[in-house]
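Next comes data15.json, with JSON, C-alpha atoms and all ligand atoms.
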```json
[["chain", "number", "residue", "atom", "x", "y", "z"],
["A", 86, "MET", "CA", 27.99, -29.62, 46.39],
["A", 87, "ARG", "CA", 25.10, -29.84, 43.90],
["A", 88, "THR", "CA", 25.79, -32.26, 41.07],
["A", 89, "GLY", "CA", 22.58, -32.00, 39.02],
["A", 90, "PRO", "CA", 22.42, -30.53, 35.52],
["A", 91, "LYS", "CA", 23.62, -26.99, 34.90],
["A", 92, "ARG", "CA", 21.10, -24.58, 33.41],
["A", 93, "ALA", "CA", 20.98, -21.75, 30.89],
["A", 94, "LEU", "CA", 17.98, -19.57, 30.09],
["A", 95, "LEU", "CA", 16.61, -17.49, 27.27],
["A", 96, "ILE", "CA", 15.22, -14.32, 28.86],
["A", 97, "GLY", "CA", 12.72, -12.27, 26.86],
["A", 98, "HIS", "CA", 9.05, -11.35, 26.51],
["A", 99, "PRO", "CA", 7.01, -12.55, 24.76],
["A", 100, "LEU", "CA", 9.13, -15.50, 23.66],
["A", 101, "GLY", "CA", 6.63, -17.29, 21.47],
["A", 102, "HIS", "CA", 8.27, -20.07, 19.50],
["A", 103, "SER", "CA", 12.03, -19.95, 19.93],
["A", 104, "LEU", "CA", 14.51, -22.17, 18.09],
["A", 105, "SER", "CA", 17.25, -21.65, 20.68],
["A", 106, "PRO", "CA", 16.31, -24.50, 23.08],
["A", 107, "ALA", "CA", 16.39, -26.99, 20.18],
["A", 108, "PHE", "CA", 19.92, -26.18, 19.04],
["A", 109, "GLN", "CA", 21.41, -25.29, 22.44],
["A", 110, "ASN", "CA", 20.17, -28.54, 23.98],
["A", 111, "ALA", "CA", 21.33, -30.52, 20.93],
["A", 112, "ALA", "CA", 24.80, -29.06, 21.49],
["A", 113, "PHE", "CA", 24.79, -29.97, 25.21],
["A", 114, "ARG", "CA", 23.79, -33.54, 24.34],
["A", 115, "ALA", "CA", 26.36, -33.88, 21.54],
["A", 116, "ALA", "CA", 29.14, -32.65, 23.83],
["A", 117, "GLY", "CA", 28.01, -34.86, 26.72],
["A", 118, "PHE", "CA", 27.60, -31.73, 28.84],
["A", 119, "ASP", "CA", 25.02, -32.22, 31.59],
["A", 120, "ALA", "CA", 22.97, -29.06, 31.11],
["A", 121, "GLU", "CA", 19.54, -27.84, 30.06],
["A", 122, "TYR", "CA", 18.58, -24.70, 28.15],
["A", 123, "GLY", "CA", 15.11, -23.42, 28.94],
["A", 124, "LEU", "CA", 12.83, -20.47, 28.24],
["A", 125, "ALA", "CA", 12.21, -17.69, 30.74],
["A", 126, "ASP", "CA", 9.34, -15.54, 29.49],
["A", 127, "VAL", "CA", 9.73, -12.73, 32.00],
["A", 128, "LEU", "CA", 7.49, -9.77, 32.77],
["A", 129, "PRO", "CA", 9.36, -6.47, 33.19],
["A", 130, "GLU", "CA", 8.68, -6.35, 36.94],
["A", 131, "ASN", "CA", 10.39, -9.75, 37.38],
["A", 132, "LEU", "CA", 13.49, -9.08, 35.27],
["A", 133, "ALA", "CA", 15.76, -8.07, 38.16],
["A", 134, "SER", "CA", 14.95, -11.16, 40.24],
["A", 135, "VAL", "CA", 15.37, -13.54, 37.28],
["A", 136, "VAL", "CA", 18.78, -12.03, 36.50],
["A", 137, "ALA", "CA", 19.78, -12.14, 40.19],
["A", 138, "ALA", "CA", 18.96, -15.87, 40.24],
["A", 139, "LEU", "CA", 21.65, -16.41, 37.57],
["A", 140, "HIS", "CA", 24.27, -16.03, 40.33],
["A", 141, "ALA", "CA", 23.38, -19.53, 41.59],
["A", 142, "ASP", "CA", 25.98, -22.26, 41.22],
["A", 143, "GLU", "CA", 23.95, -24.39, 38.82],
["A", 144, "MET", "CA", 23.34, -21.49, 36.39],
["A", 145, "LEU", "CA", 25.67, -21.25, 33.39],
["A", 146, "GLY", "CA", 24.07, -17.97, 32.34],
["A", 147, "ALA", "CA", 21.51, -16.77, 29.84],
["A", 148, "ASN", "CA", 20.72, -15.41, 26.43],
["A", 149, "VAL", "CA", 18.80, -12.17, 26.43],
["A", 150, "THR", "CA", 16.40, -11.13, 23.70],
["A", 151, "VAL", "CA", 13.76, -8.52, 22.92],
["A", 152, "PRO", "CA", 12.93, -6.33, 24.83],
["A", 153, "TYR", "CA", 15.61, -6.73, 27.53],
["A", 154, "LYS", "CA", 19.00, -6.42, 25.80],
["A", 155, "GLN", "CA", 19.46, -2.92, 27.20],
["A", 156, "ALA", "CA", 17.48, -3.36, 30.40],
["A", 157, "VAL", "CA", 19.79, -6.09, 31.76],
["A", 158, "VAL", "CA", 22.93, -3.94, 31.48],
["A", 159, "PRO", "CA", 22.67, -2.27, 34.92],
["A", 160, "LEU", "CA", 21.87, -5.64, 36.54],
["A", 161, "LEU", "CA", 25.25, -7.19, 35.64],
["A", 162, "ASP", "CA", 28.62, -7.18, 37.40],
["A", 163, "ASP", "CA", 30.73, -6.38, 34.34],
["A", 164, "LEU", "CA", 30.54, -6.01, 30.56],
["A", 165, "SER", "CA", 32.65, -6.85, 27.52],
["A", 166, "ASP", "CA", 33.88, -3.90, 25.44],
["A", 167, "ASP", "CA", 31.32, -4.58, 22.67],
["A", 168, "ALA", "CA", 28.45, -4.81, 25.12],
["A", 169, "HIS", "CA", 29.60, -1.61, 26.79],
["A", 170, "THR", "CA", 29.90, 0.30, 23.50],
["A", 171, "LEU", "CA", 26.54, -0.91, 22.22],
["A", 172, "GLY", "CA", 24.79, -0.64, 25.57],
["A", 173, "ALA", "CA", 23.25, -4.02, 24.76],
["A", 174, "VAL", "CA", 23.82, -7.55, 26.07],
["A", 175, "ASN", "CA", 22.58, -10.75, 24.46],
["A", 176, "THR", "CA", 24.61, -13.19, 26.56],
["A", 177, "ILE", "CA", 25.17, -13.43, 30.31],
["A", 178, "VAL", "CA", 27.83, -15.74, 31.72],
["A", 179, "ASN", "CA", 27.97, -16.75, 35.37],
["A", 180, "ARG", "CA", 31.69, -16.60, 36.10],
["A", 181, "SER", "CA", 32.07, -18.01, 39.62],
["A", 182, "GLY", "CA", 29.12, -15.99, 40.87],
["A", 183, "ARG", "CA", 29.85, -12.81, 38.93],
["A", 184, "LEU", "CA", 27.55, -11.96, 36.01],
["A", 185, "HIS", "CA", 29.48, -10.99, 32.89],
["A", 186, "GLY", "CA", 27.51, -9.44, 29.99],
["A", 187, "LEU", "CA", 28.61, -9.71, 26.40],
["A", 188, "ASN", "CA", 27.25, -9.31, 22.91],
["A", 189, "THR", "CA", 27.61, -12.25, 20.54],
["A", 190, "ASP", "CA", 25.22, -10.72, 17.97],
["A", 191, "VAL", "CA", 28.12, -8.68, 16.59],
["A", 192, "PRO", "CA", 30.60, -11.54, 15.95],
["A", 193, "GLY", "CA", 27.66, -13.86, 15.17],
["A", 194, "PHE", "CA", 26.55, -11.68, 12.26],
["A", 195, "ALA", "CA", 30.14, -11.32, 11.02],
["A", 196, "ALA", "CA", 30.67, -15.09, 11.24],
["A", 197, "ASP", "CA", 27.55, -15.77, 9.20],
["A", 198, "VAL", "CA", 28.47, -13.23, 6.51],
["A", 199, "ARG", "CA", 31.89, -14.90, 6.24],
["A", 200, "GLU", "CA", 30.30, -18.36, 6.27],
["A", 201, "HIS", "CA", 28.26, -17.35, 3.22],
["A", 202, "ASP", "CA", 31.39, -16.03, 1.51],
["A", 203, "VAL", "CA", 29.99, -12.54, 1.17],
["A", 204, "HIS", "CA", 32.73, -9.99, 0.65],
["A", 205, "VAL", "CA", 31.97, -6.63, 2.30],
["A", 206, "GLU", "CA", 35.43, -5.20, 2.96],
["A", 207, "GLY", "CA", 35.84, -1.96, 1.02],
["A", 208, "GLU", "CA", 32.23, -2.18, -0.20],
["A", 209, "THR", "CA", 29.03, -0.18, 0.24],
["A", 210, "VAL", "CA", 26.35, -1.81, 2.39],
["A", 211, "VAL", "CA", 22.82, -0.47, 2.89],
["A", 212, "MET", "CA", 21.24, -1.36, 6.22],
["A", 213, "LEU", "CA", 17.51, -0.94, 6.75],
["A", 214, "GLY", "CA", 16.59, -0.17, 10.35],
["A", 215, "ALA", "CA", 18.11, 1.60, 13.31],
["A", 216, "GLY", "CA", 16.87, -0.30, 16.37],
["A", 217, "GLY", "CA", 18.71, -2.62, 18.74],
["A", 218, "ALA", "CA", 19.44, -5.29, 16.14],
["A", 219, "ALA", "CA", 20.70, -2.67, 13.68],
["A", 220, "ARG", "CA", 23.22, -1.36, 16.23],
["A", 221, "GLY", "CA", 24.90, -4.76, 16.40],
["A", 222, "VAL", "CA", 24.89, -5.18, 12.63],
["A", 223, "ALA", "CA", 26.43, -1.72, 12.16],
["A", 224, "ALA", "CA", 29.22, -2.52, 14.62],
["A", 225, "ALA", "CA", 29.89, -5.81, 12.83],
["A", 226, "LEU", "CA", 29.94, -4.26, 9.36],
["A", 227, "VAL", "CA", 32.24, -1.43, 10.39],
["A", 228, "GLY", "CA", 34.48, -3.99, 12.11],
["A", 229, "MET", "CA", 34.56, -5.99, 8.87],
["A", 230, "GLY", "CA", 35.88, -2.96, 7.04],
["A", 231, "VAL", "CA", 32.98, -1.74, 4.88],
["A", 232, "ALA", "CA", 33.90, 1.43, 3.01],
["A", 233, "ARG", "CA", 30.44, 2.96, 3.28],
["A", 234, "LEU", "CA", 27.50, 2.06, 5.48],
["A", 235, "VAL", "CA", 24.18, 3.66, 4.57],
["A", 236, "ILE", "CA", 21.66, 3.42, 7.39],
["A", 237, "ALA", "CA", 18.11, 3.87, 6.11],
["A", 238, "ASN", "CA", 15.32, 4.12, 8.64],
["A", 239, "ARG", "CA", 11.72, 5.27, 8.90],
["A", 240, "THR", "CA", 12.78, 7.55, 11.76],
["A", 241, "LEU", "CA", 15.80, 9.44, 10.45],
["A", 242, "GLU", "CA", 17.03, 10.56, 13.90],
["A", 243, "ARG", "CA", 17.54, 6.96, 15.05],
["A", 244, "ALA", "CA", 19.63, 6.24, 11.95],
["A", 245, "ALA", "CA", 21.63, 9.43, 12.55],
["A", 246, "ALA", "CA", 22.32, 8.39, 16.15],
["A", 247, "ILE", "CA", 24.03, 5.20, 14.93],
["A", 248, "ALA", "CA", 25.81, 6.89, 12.00],
["A", 249, "GLU", "CA", 27.31, 9.42, 14.43],
["A", 250, "GLN", "CA", 29.30, 6.61, 16.07],
["A", 251, "TYR", "CA", 31.09, 5.82, 12.81],
["A", 252, "PRO", "CA", 31.68, 9.28, 11.32],
["A", 253, "HIS", "CA", 33.96, 8.35, 8.41],
["A", 254, "VAL", "CA", 31.99, 5.33, 7.27],
["A", 255, "ALA", "CA", 28.31, 5.64, 8.08],
["A", 256, "GLU", "CA", 25.60, 8.00, 6.89],
["A", 257, "ALA", "CA", 21.89, 8.17, 7.71],
["A", 258, "VAL", "CA", 19.03, 8.53, 5.24],
["A", 259, "SER", "CA", 15.30, 8.40, 5.57],
["A", 260, "ALA", "CA", 13.85, 5.11, 4.35],
["A", 261, "GLU", "CA", 11.63, 7.22, 2.08],
["A", 262, "SER", "CA", 14.58, 9.11, 0.62],
["A", 263, "ALA", "CA", 14.56, 9.73, -3.12],
["A", 264, "THR", "CA", 18.28, 8.87, -3.11],
["A", 265, "MET", "CA", 17.64, 5.22, -2.22],
["A", 266, "PRO", "CA", 17.73, 3.91, -5.82],
["A", 267, "ALA", "CA", 21.12, 5.58, -6.42],
["A", 268, "LEU", "CA", 22.45, 4.22, -3.13],
["A", 269, "LEU", "CA", 21.37, 0.69, -3.98],
["A", 270, "VAL", "CA", 23.12, 0.71, -7.34],
["A", 271, "ASP", "CA", 26.48, 0.76, -5.52],
["A", 272, "ALA", "CA", 25.60, -1.68, -2.73],
["A", 273, "ALA", "CA", 27.27, -5.07, -2.40],
["A", 274, "MET", "CA", 24.73, -6.05, 0.23],
["A", 275, "ILE", "CA", 21.47, -4.81, 1.70],
["A", 276, "VAL", "CA", 20.59, -5.94, 5.23],
["A", 277, "ASN", "CA", 17.10, -5.85, 6.70],
["A", 278, "ALA", "CA", 17.49, -5.10, 10.40],
["A", 279, "THR", "CA", 13.95, -3.78, 10.81],
["A", 280, "SER", "CA", 11.16, -5.88, 12.26],
["A", 281, "VAL", "CA", 9.19, -5.52, 9.02],
["A", 282, "GLY", "CA", 8.47, -9.00, 7.66],
["A", 283, "LEU", "CA", 8.58, -10.70, 11.06],
["A", 284, "ARG", "CA", 4.92, -11.50, 10.55],
["A", 285, "GLY", "CA", 2.95, -11.33, 7.35],
["A", 286, "ASP", "CA", 4.19, -10.25, 3.97],
["A", 287, "ASP", "CA", 5.18, -6.63, 4.51],
["A", 288, "LEU", "CA", 8.30, -5.38, 2.75],
["A", 289, "PRO", "CA", 10.84, -3.07, 4.41],
["A", 290, "ILE", "CA", 11.62, -1.57, 1.00],
["A", 291, "ALA", "CA", 9.53, -1.24, -2.16],
["A", 292, "THR", "CA", 10.17, -3.92, -4.77],
["A", 293, "ASP", "CA", 10.62, -1.16, -7.39],
["A", 294, "THR", "CA", 13.48, 0.23, -5.33],
["A", 295, "LEU", "CA", 15.00, -3.24, -4.93],
["A", 296, "ALA", "CA", 15.21, -3.40, -8.72],
["A", 297, "HIS", "CA", 18.11, -0.93, -8.56],
["A", 298, "LEU", "CA", 20.43, -3.42, -6.86],
["A", 299, "SER", "CA", 23.17, -4.85, -9.02],
["A", 300, "PRO", "CA", 22.78, -8.52, -9.99],
["A", 301, "GLN", "CA", 25.77, -9.39, -7.77],
["A", 302, "ALA", "CA", 24.23, -7.83, -4.67],
["A", 303, "VAL", "CA", 23.28, -9.96, -1.67],
["A", 304, "VAL", "CA", 20.04, -9.47, 0.26],
["A", 305, "TYR", "CA", 20.37, -10.45, 3.92],
["A", 306, "ASP", "CA", 17.38, -10.50, 6.24],
["A", 307, "LEU", "CA", 17.96, -10.92, 9.98],
["A", 308, "ILE", "CA", 14.53, -12.55, 10.18],
["A", 309, "TYR", "CA", 14.83, -16.33, 9.97],
["A", 310, "ARG", "CA", 11.89, -17.16, 7.79],
["A", 311, "PRO", "CA", 11.44, -16.77, 4.04],
["A", 312, "THR", "CA", 10.25, -13.19, 4.19],
["A", 313, "ALA", "CA", 8.61, -11.29, 1.35],
["A", 314, "LEU", "CA", 11.91, -9.41, 0.99],
["A", 315, "LEU", "CA", 13.90, -12.61, 0.51],
["A", 316, "ARG", "CA", 11.32, -13.98, -1.90],
["A", 317, "ALA", "CA", 11.41, -10.74, -3.91],
["A", 318, "ALA", "CA", 15.22, -10.90, -4.00],
["A", 319, "GLU", "CA", 15.19, -14.49, -5.21],
["A", 320, "ALA", "CA", 12.59, -13.66, -7.82],
["A", 321, "ARG", "CA", 15.09, -11.11, -9.17],
["A", 322, "GLY", "CA", 17.87, -13.68, -9.20],
["A", 323, "LEU", "CA", 19.71, -12.12, -6.26],
["A", 324, "ARG", "CA", 21.38, -14.10, -3.48],
["A", 325, "ALA", "CA", 19.07, -14.13, -0.47],
["A", 326, "ILE", "CA", 20.26, -15.06, 3.03],
["A", 327, "ASP", "CA", 17.96, -15.37, 6.04],
["A", 328, "GLY", "CA", 18.83, -14.85, 9.69],
["A", 329, "LEU", "CA", 19.03, -18.49, 10.77],
["A", 330, "GLY", "CA", 22.81, -18.55, 10.38],
["A", 331, "MET", "CA", 23.25, -15.48, 12.55],
["A", 332, "LEU", "CA", 20.94, -16.97, 15.17],
["A", 333, "VAL", "CA", 22.98, -20.17, 15.27],
["A", 334, "GLN", "CA", 26.33, -18.36, 15.23],
["A", 335, "GLN", "CA", 25.44, -15.99, 18.09],
["A", 336, "GLY", "CA", 24.08, -18.98, 20.01],
["A", 337, "ALA", "CA", 27.21, -21.03, 19.38],
["A", 338, "LEU", "CA", 29.41, -18.19, 20.66],
["A", 339, "ALA", "CA", 27.25, -17.95, 23.79],
["A", 340, "TRP", "CA", 27.45, -21.74, 24.27],
["A", 341, "GLU", "CA", 31.25, -21.58, 24.09],
["A", 342, "GLN", "CA", 31.26, -18.93, 26.81],
["A", 343, "TRP", "CA", 29.09, -21.08, 29.09],
["A", 344, "THR", "CA", 30.93, -24.36, 28.56],
["A", 345, "GLY", "CA", 34.51, -23.34, 27.76],
["A", 346, "GLN", "CA", 34.38, -25.82, 24.85],
["A", 347, "ALA", "CA", 34.29, -25.38, 21.06],
["A", 348, "ALA", "CA", 30.65, -25.44, 19.93],
["A", 349, "PRO", "CA", 29.49, -28.38, 17.77],
["A", 350, "LEU", "CA", 28.29, -26.04, 15.00],
["A", 351, "ASP", "CA", 27.13, -28.76, 12.62],
["A", 352, "VAL", "CA", 24.91, -30.27, 15.31],
["A", 353, "MET", "CA", 23.49, -26.84, 16.13],
["A", 354, "TRP", "CA", 22.78, -26.04, 12.48],
["A", 355, "GLU", "CA", 21.03, -29.34, 11.94],
["A", 356, "ALA", "CA", 18.87, -28.94, 15.05],
["A", 357, "ALA", "CA", 17.98, -25.32, 14.16],
["A", 358, "ARG", "CA", 17.00, -26.27, 10.62],
["A", 359, "ALA", "CA", 14.90, -29.18, 11.85],
["A", 360, "ALA", "CA", 13.11, -26.97, 14.39],
["A", 361, "ARG", "CA", 12.58, -24.03, 12.05],
["A", 362, "TYR", "CA", 9.31, -25.18, 10.49],
["A", 363, "PHE", "CA", 6.61, -25.94, 12.97],
["B", 401, "LIG", "P1", 14.97, -4.53, 17.44],
["B", 401, "LIG", "O1", 15.56, -4.63, 18.81],
["B", 401, "LIG", "O2", 14.40, -5.83, 16.93],
["B", 401, "LIG", "O3", 15.91, -3.92, 16.46],
["B", 401, "LIG", "P2", 13.54, -2.04, 17.65],
["B", 401, "LIG", "O4", 14.66, -1.45, 18.41],
["B", 401, "LIG", "O5", 12.14, -1.80, 18.08],
["B", 401, "LIG", "O6", 13.67, -3.63, 17.57],
["B", 401, "LIG", "O7", 13.71, -1.58, 16.10],
["B", 401, "LIG", "C1", 12.79, -1.93, 15.12],
["B", 401, "LIG", "C2", 13.25, -1.37, 13.76],
["B", 401, "LIG", "O8", 12.27, -1.68, 12.78],
["B", 401, "LIG", "C3", 13.38, 0.15, 13.73],
["B", 401, "LIG", "O9", 14.36, 0.50, 12.76],
["B", 401, "LIG", "C4", 11.99, 0.58, 13.26],
["B", 401, "LIG", "O10", 11.92, 1.85, 12.65],
["B", 401, "LIG", "P3", 11.73, 3.18, 13.56],
["B", 401, "LIG", "O11", 13.07, 3.45, 14.19],
["B", 401, "LIG", "O12", 11.29, 4.21, 12.62],
["B", 401, "LIG", "O13", 10.68, 2.82, 14.59],
["B", 401, "LIG", "C5", 11.72, -0.48, 12.23],
["B", 401, "LIG", "N1", 10.29, -0.65, 11.99],
["B", 401, "LIG", "C6", 9.41, -1.29, 12.79],
["B", 401, "LIG", "N2", 8.17, -1.27, 12.24],
["B", 401, "LIG", "C7", 8.30, -0.61, 11.05],
["B", 401, "LIG", "C8", 7.40, -0.26, 9.99],
["B", 401, "LIG", "N3", 6.11, -0.62, 10.04],
["B", 401, "LIG", "N4", 7.89, 0.42, 8.92],
["B", 401, "LIG", "C9", 9.18, 0.77, 8.85],
["B", 401, "LIG", "N5", 10.09, 0.48, 9.81],
["B", 401, "LIG", "C10", 9.65, -0.20, 10.90]]
```

Would you mind writing the structure in this file as structure tokens?
Amino acid sequence: MRTGPKRALLIGHPLGHSLSPAFQNAAFRAAGFDAEYGLADVLPENLASVVAALHADEMLGANVTVPYKQAVVPLLDDLSDDAHTLGAVNTIVNRSGRLHGLNTDVPGFAADVREHDVHVEGETVVMLGAGGAARGVAAALVGMGVARLVIANRTLERAAAIAEQYPHVAEAVSAESATMPALLVDAAMIVNATSVGLRGDDLPIATDTLAHLSPQAVVYDLIYRPTALLRAAEARGLRAIDGLGMLVQQGALAWEQWTGQAAPLDVMWEAARAARYF
């Protein structure tokens, strides 16, 4: 039997600079778990063979990121309920040769919102975006008991497709809608789940519109850098939360699935923070 280190991968394309190896490997080291987390920048034509290779004994599994969260679904042996409902997998676990797909983005986002002591139960939340990341955030927010979820997106139909899944809670509006200021007045939190701000200083919402948020409102950006949105929020005295916590929380939940141990969250946080600026 092979006794070398176990392995886990991050599968995506292009991967660029990822923080995941830094905090996943720090967690393996801290727990004395003989394993390595590495990057697999995979072209679409190689996705099936890379996933098939996860069946090997030494593979713990993988994280899956853009653009493959949906594409891996048919390549797996079974799915968790969340992954099945969302049609998206961010974590693969090799369970004795069977590949189980799950989605830790949903509980990872919820855990980070709780960690920051943000109260959303019974509140109105405005979410910008309606792509893959937004689907997970919507599921988390509805699961956390928001009273009203407003999904604002450039392409209204994509927002409507998500809102349809939560008929008594969610509604879709165009990101350009004239009702946005009125919607923001009531919001306890606004979440940026678009890719706007990933690079450069673009804003997913006009700063004039942001001015309608109440002073107690929280601005949460899934992007884990100080985006123009977060800077604009801070300039207005609002609480601004970036996506690093969600990244760490979803990673910690994946790590627990691979190892069967409680994740050393403090170690992971510290390693992620240290690796963030490069
Ligand atoms: P991800 O998996 O990261 O969520 P995605 O599924 O491609 O990526 O979704 C990207 C999101 O950012 C979408 O809500 C997209 O809006 P559309 O549905 O209208 O495409 C949004 N987005 C990307 N670029 C944008 C831009 N320049 N302006 C406004 N919204 C943008």

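Separating atom CA of Ala147 of chain A from atom CA of Ala93 of chain A is a distance of 5.1 Å.
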
Show me which residues are within 12 Å of ligand LIG 401 (chain B) counting all atoms listed in the file, and format the list as an MDAnalysis selection string. chainID A and resid 97 149:156 173:175 190 212:223 236:247 257:261 276:291 307:308

Applying 8 Å and only C-alpha atoms, which residues near segment 354-360 of chain A remain after dropping the ones on its own chain fewer than 4 positions away? List them as a list in words.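 With the cut-off at 8 Å, the set is Leu104, Ser105, Ala107, Phe108, Ala111, Leu329, Gly330, Val333 and Leu350 of chain A.
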
Distance query Leu161 of chain A at most 10 Å, all atoms listed in the file, self and fewer than 2 positions along chain excluded, as a short mmCIF file (atom, residue, chain, number, x, y, z; two decimals) with C-alpha atoms, in the frame of the given file:
```
data_model
loop_
_atom_site.label_atom_id
_atom_site.label_comp_id
_atom_site.auth_asym_id
_atom_site.auth_seq_id
_atom_site.Cartn_x
_atom_site.Cartn_y
_atom_site.Cartn_z
CA ALA A 133 15.76 -8.07 38.16
CA VAL A 136 18.78 -12.03 36.50
CA ALA A 137 19.78 -12.14 40.19
CA VAL A 157 19.79 -6.09 31.76
CA VAL A 158 22.93 -3.94 31.48
CA PRO A 159 22.67 -2.27 34.92
CA ASP A 163 30.73 -6.38 34.34
CA LEU A 164 30.54 -6.01 30.56
CA VAL A 174 23.82 -7.55 26.07
CA ILE A 177 25.17 -13.43 30.31
CA VAL A 178 27.83 -15.74 31.72
CA ASN A 179 27.97 -16.75 35.37
CA ARG A 183 29.85 -12.81 38.93
CA LEU A 184 27.55 -11.96 36.01
CA HIS A 185 29.48 -10.99 32.89
CA GLY A 186 27.51 -9.44 29.99
#
```

Which residues are close to Asp271 of chain A, i.e. within 8 Å by only C-alpha atoms, leaving aside same-chain residues fewer than 6 positions away? Reply as a count of residues only. 3

Distance query Ala320 of chain A at most 12 Å, only C-alpha atoms, self and fewer than 5 positions along chain excluded, as a ChimeraX atom specification: /A:292,295-296,300,304,313-315,325

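The interatomic distance for the pair atom CA of Asn188 of chain A and atom CA of Ala168 of chain A works out to 5.2 Å.
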